[in-house]
Structures are given as structure tokens and as C-alpha cells.
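Below: the structure, in C-alpha cells.
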Amino acid sequence: GQPAYAFRAAWSTPLFGHPLSFGVAGYYGRQAWSWGRYVDGYAGMTDWQVPILRRLMLSGEFYRGRGAGGLGAAIGQTIVFGADPSTPNAPIRGLDSAGGWSQLKFQLTPKLELNGVYAADTAFAGDIRGFAIDANNFGEILGRNRGELGNLVYRPRSDLVLSAEFRRLHTFPIFDPASVTNQISLSMGILF
């Protein structure tokens, strides 16, 4: 019944031929869930792009919020249930979380770049323990993710991008043992 609200403000100036920028952002949205239940979702964010040298750049973003899974935060989880989610009286809670990522980019040549990224996303376990139902009954509740990736990006032409990437993701559910996933991908993109 009402729109979500968001804003972003940033400061930017050129440095080493690239933008040096710092930004802050905010989001609020009232979310309607089934059977007349509502959650106030919000997030506060900051982002940066810092040229260290002409060919070396650091960028990233940090957020803190509640009920922000639909924005890609909280490991994609917006709410947790305090009882069977199919019943109308099951209490719900917006999931509190914090996270972010940082990337170091090295421009080897005008057509070839190397990137390294570290990312983390954490749901506050204190909000889950003692409230959320056991994940084994109604789906896994993730507590945190940690990820690293490295990629090599090659642009042989202005409209063609080739990439090779290795990604490692550590997932820590609240009620289950941790797991590790490795992924290798080769990609091609056409810009238009």
C-alpha cells in the first residue's frame, strides 16, 4: 500500500585518471506478508571507489539493515518465522544483518585486468536463536557467508568481454554444519 523509499548521496573527484568517490545511502520499505503481518525493512549503506595508483583501484560497499533480503542482503533472507510458516498466527521477524564486499582491481594492460574480491554477509544469530524454528523442519536458516573470488577479464574489442573466474563460498547455517563450495567459470559478454 505504500512505496519504498531510498536515497544516495556521493562525493567524487578525479584522481589518477579515475574517480575517487565515497557515498552513503539509505532504504526503507514496509513489507506486507501473508495474513496481515508487516515488517519494516531498512538498510544503511556506504560505498567507496579509491584509485591507489593509475592501474590499481580499491572499491567496495558495506551495509547494515533489517528485512533487506530482497535487496540481495542477509544472504537473500528477509524474515524468519517463529513457528510453522503456513499457519496464520506464526510470528515473523525481519532478519537483522550486516555485510559488504571489497574489490582490488589491477589493470595489467588497457585490455586485461585482474580482480580480487572478499565478501561477507552475516545474519545476527542472536535475533534467530530462541525465535526461529529449527531449520530442519522448514528450510535452512543461513547465519553467514564468506566469499573470495579472483578473475581475469580480457577485452579484445570494445564490445567483447572474456573472463575466467574462481570463486570460493563458505556458508555457515545456524542449525547445521558449515559447507564450502568452489566454482570455476568461463564467461563471454557482448556489450551493446
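Chain labels run A, B, ... following the order of the C-alpha cells; each chain numbers its residues from 1, and ligands are numbered from 1 in the order shown.
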Inset, instruction - Extract, using only C-alpha atoms, all DNA, RNA and protein residues at most 7 Å from Tyr154 (chain A), discarding same-chain residues fewer than 3 positions from it, and format them as a PyMOL selection string. - result: chain A and resi 111-113+161-163
Dump as a compact mmCIF listing (two decimals), in the first residue's frame, selection limited to N, CA and C atoms:
```txt
# COMPACT_ATOMS: atom_id res chain seq x y z
N LYS A 111 43.65 -3.74 -22.09
CA LYS A 111 42.65 -4.75 -22.42
C LYS A 111 42.54 -5.88 -21.39
N LEU A 112 43.42 -5.91 -20.39
CA LEU A 112 43.49 -7.03 -19.46
C LEU A 112 43.51 -6.54 -18.02
N GLU A 113 42.58 -7.07 -17.19
CA GLU A 113 42.55 -6.69 -15.78
C GLU A 113 42.45 -7.92 -14.89
N VAL A 161 33.80 -9.04 -24.08
CA VAL A 161 34.45 -9.26 -22.78
C VAL A 161 34.57 -10.75 -22.55
N LEU A 162 35.77 -11.23 -22.22
CA LEU A 162 36.02 -12.63 -21.87
C LEU A 162 36.54 -12.66 -20.44
N SER A 163 36.11 -13.66 -19.66
CA SER A 163 36.51 -13.72 -18.26
C SER A 163 36.68 -15.16 -17.80
```
Legend entry - strand (DSSP E or B) residues, from DSSP on the backbone, in chain A, as an NGL selection string: :A and (5-15 or 18-33 or 37-53 or 56-66 or 79-81 or 92-94 or 96-109 or 112-123 or 142-157 or 160-173 or 179-190)
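Considering only C-alpha atoms, the residue among A:Ser12, A:Thr87, A:Ser21, A:Gln2 positioned nearest to Trp35 (chain A) is A:Thr87.
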Inset, instruction - Find the spatial neighbours of Ser34 (chain A), counting only C-alpha atoms, within a cut-off of 10 Å - ignore same-chain residues fewer than 6 positions away - and output them as an MDAnalysis selection string. - result: chainID A and resid 85:88
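Minimum atom-to-atom distances from A:Pro91, A:Gly41, A:Gly150, A:Gly65 to Thr122 (chain A) were compared using only C-alpha atoms, and the lowest value belongs to A:Gly65.
Contact shell of Leu95 (chain A) at 8 Å (only C-alpha atoms; same-chain neighbours under 2 positions omitted): A:Arg66, A:Gly67, A:Ala68, A:Ala74, A:Gln77, A:Thr78, A:Ile79, A:Val80, A:Arg93, A:Ser97, A:Ala123, A:Phe124, A:Asp127, A:Ile128.
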Write the selection just made, keeping all heavy atoms, as a compact mmCIF listing (two decimals), in the first residue's frame?
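After the write, again_29.txt holds the following:
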```
# COMPACT_ATOMS: atom_id res chain seq x y z
N ARG A 66 17.76 -4.43 8.22
CA ARG A 66 16.78 -5.42 8.69
C ARG A 66 15.75 -5.63 7.58
O ARG A 66 15.31 -4.69 6.94
CB ARG A 66 16.06 -4.91 9.93
CG ARG A 66 14.89 -5.84 10.31
CD ARG A 66 14.16 -5.38 11.52
NE ARG A 66 14.97 -5.75 12.67
CZ ARG A 66 14.78 -5.29 13.90
NH1 ARG A 66 13.82 -4.42 14.13
NH2 ARG A 66 15.53 -5.69 14.89
N GLY A 67 15.41 -6.90 7.35
CA GLY A 67 14.41 -7.21 6.33
C GLY A 67 14.86 -6.82 4.93
O GLY A 67 14.05 -6.43 4.12
N ALA A 68 16.15 -6.93 4.66
CA ALA A 68 16.71 -6.45 3.39
C ALA A 68 17.10 -7.58 2.44
O ALA A 68 17.85 -7.36 1.50
CB ALA A 68 17.92 -5.56 3.68
N ALA A 74 21.49 -10.06 3.57
CA ALA A 74 21.07 -11.11 4.50
C ALA A 74 21.04 -12.48 3.85
O ALA A 74 20.18 -13.30 4.13
CB ALA A 74 19.70 -10.79 5.10
N GLN A 77 17.76 -13.71 2.65
CA GLN A 77 16.65 -13.97 3.57
C GLN A 77 16.13 -12.65 4.11
O GLN A 77 16.89 -11.83 4.61
CB GLN A 77 17.11 -14.84 4.73
CG GLN A 77 17.57 -16.20 4.30
CD GLN A 77 18.07 -17.04 5.47
OE1 GLN A 77 17.96 -18.24 5.44
NE2 GLN A 77 18.61 -16.44 6.49
N THR A 78 14.83 -12.45 4.06
CA THR A 78 14.24 -11.21 4.55
C THR A 78 13.68 -11.38 5.95
O THR A 78 13.85 -10.50 6.79
CB THR A 78 13.11 -10.76 3.59
OG1 THR A 78 13.69 -10.54 2.31
CG2 THR A 78 12.45 -9.49 4.07
N ILE A 79 13.02 -12.51 6.20
CA ILE A 79 12.38 -12.74 7.51
C ILE A 79 12.72 -14.14 8.01
O ILE A 79 13.17 -15.00 7.26
CB ILE A 79 10.84 -12.60 7.43
CG1 ILE A 79 10.25 -13.61 6.45
CG2 ILE A 79 10.45 -11.17 7.05
CD1 ILE A 79 8.74 -13.71 6.48
N VAL A 80 12.47 -14.34 9.30
CA VAL A 80 12.49 -15.67 9.90
C VAL A 80 11.15 -15.87 10.61
O VAL A 80 10.51 -14.91 11.05
CB VAL A 80 13.67 -15.87 10.89
CG1 VAL A 80 14.98 -15.94 10.14
CG2 VAL A 80 13.72 -14.80 11.94
N ARG A 93 9.78 -12.13 12.01
CA ARG A 93 10.72 -11.08 12.40
C ARG A 93 11.59 -10.74 11.20
O ARG A 93 12.07 -11.64 10.50
CB ARG A 93 11.58 -11.59 13.56
CG ARG A 93 12.62 -10.59 14.02
CD ARG A 93 13.46 -11.14 15.15
NE ARG A 93 12.64 -11.25 16.35
CZ ARG A 93 13.06 -11.79 17.48
NH1 ARG A 93 14.26 -12.31 17.57
NH2 ARG A 93 12.26 -11.83 18.53
N SER A 97 20.91 -7.92 9.65
CA SER A 97 22.13 -8.41 9.00
C SER A 97 23.06 -7.25 8.69
O SER A 97 22.68 -6.08 8.70
CB SER A 97 21.78 -9.17 7.71
OG SER A 97 21.12 -8.31 6.81
N ALA A 123 23.91 -12.69 9.16
CA ALA A 123 22.64 -12.51 9.86
C ALA A 123 22.95 -12.61 11.35
O ALA A 123 23.73 -13.46 11.77
CB ALA A 123 21.65 -13.59 9.45
N PHE A 124 22.39 -11.73 12.15
CA PHE A 124 22.70 -11.74 13.58
C PHE A 124 22.04 -12.93 14.26
O PHE A 124 20.82 -13.00 14.39
CB PHE A 124 22.28 -10.42 14.22
CG PHE A 124 23.10 -9.26 13.73
CD1 PHE A 124 22.53 -8.29 12.95
CD2 PHE A 124 24.45 -9.18 14.02
CE1 PHE A 124 23.28 -7.23 12.47
CE2 PHE A 124 25.22 -8.13 13.55
CZ PHE A 124 24.64 -7.14 12.78
N ASP A 127 19.33 -12.72 16.95
CA ASP A 127 17.94 -12.49 16.55
C ASP A 127 17.25 -13.77 16.14
O ASP A 127 16.03 -13.85 16.11
CB ASP A 127 17.89 -11.53 15.35
CG ASP A 127 18.09 -10.09 15.76
OD1 ASP A 127 18.25 -9.83 16.96
OD2 ASP A 127 18.07 -9.23 14.87
N ILE A 128 18.04 -14.77 15.78
CA ILE A 128 17.47 -16.02 15.27
C ILE A 128 17.32 -17.05 16.38
O ILE A 128 16.26 -17.64 16.56
CB ILE A 128 18.36 -16.58 14.14
CG1 ILE A 128 18.39 -15.59 12.98
CG2 ILE A 128 17.85 -17.93 13.68
CD1 ILE A 128 19.41 -15.91 11.93
```
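With only C-alpha atoms as the atoms that count, the minimum distance from Tyr63 (chain A) to the choices A:Asn145, A:Thr46, A:Gln107, A:Asn151 is reached by A:Thr46.
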Inset, instruction - Taking the DSSP assignment computed from this structure's backbone, write out as a PyMOL selection string all residues of chain A that belong to alpha helix (DSSP H). - result: chain A and resi 125-128+135-138
Expected file: the selected residues, N, CA, C and O atoms, as a short mmCIF file (atom, residue, chain, number, x, y, z; two decimals), in the first residue's frame:
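Generated output (result10.cif):
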```
data_model
loop_
_atom_site.label_atom_id
_atom_site.label_comp_id
_atom_site.auth_asym_id
_atom_site.auth_seq_id
_atom_site.Cartn_x
_atom_site.Cartn_y
_atom_site.Cartn_z
N ALA A 125 22.87 -13.87 14.68
CA ALA A 125 22.39 -15.12 15.26
C ALA A 125 21.55 -14.88 16.51
O ALA A 125 20.62 -15.63 16.80
N GLY A 126 21.84 -13.83 17.26
CA GLY A 126 21.06 -13.53 18.46
C GLY A 126 19.60 -13.24 18.15
O GLY A 126 18.73 -13.48 18.97
N ASP A 127 19.33 -12.72 16.95
CA ASP A 127 17.94 -12.49 16.55
C ASP A 127 17.25 -13.77 16.14
O ASP A 127 16.03 -13.85 16.11
N ILE A 128 18.04 -14.77 15.78
CA ILE A 128 17.47 -16.02 15.27
C ILE A 128 17.32 -17.05 16.38
O ILE A 128 16.26 -17.64 16.56
N ALA A 135 15.67 -25.22 11.58
CA ALA A 135 15.77 -25.21 10.12
C ALA A 135 15.46 -26.56 9.48
O ALA A 135 15.03 -26.62 8.34
N ASN A 136 15.67 -27.64 10.20
CA ASN A 136 15.43 -28.96 9.63
C ASN A 136 13.96 -29.19 9.30
O ASN A 136 13.63 -30.02 8.48
N ASN A 137 13.08 -28.45 9.94
CA ASN A 137 11.65 -28.64 9.69
C ASN A 137 11.13 -27.78 8.54
O ASN A 137 10.26 -28.19 7.81
N PHE A 138 11.62 -26.55 8.40
CA PHE A 138 11.03 -25.63 7.43
C PHE A 138 12.06 -24.90 6.57
O PHE A 138 11.85 -23.78 6.16
#
```
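Going from CA of Phe166 (chain A) over to CA of Val180 (chain A), you cover 13.3 Å.
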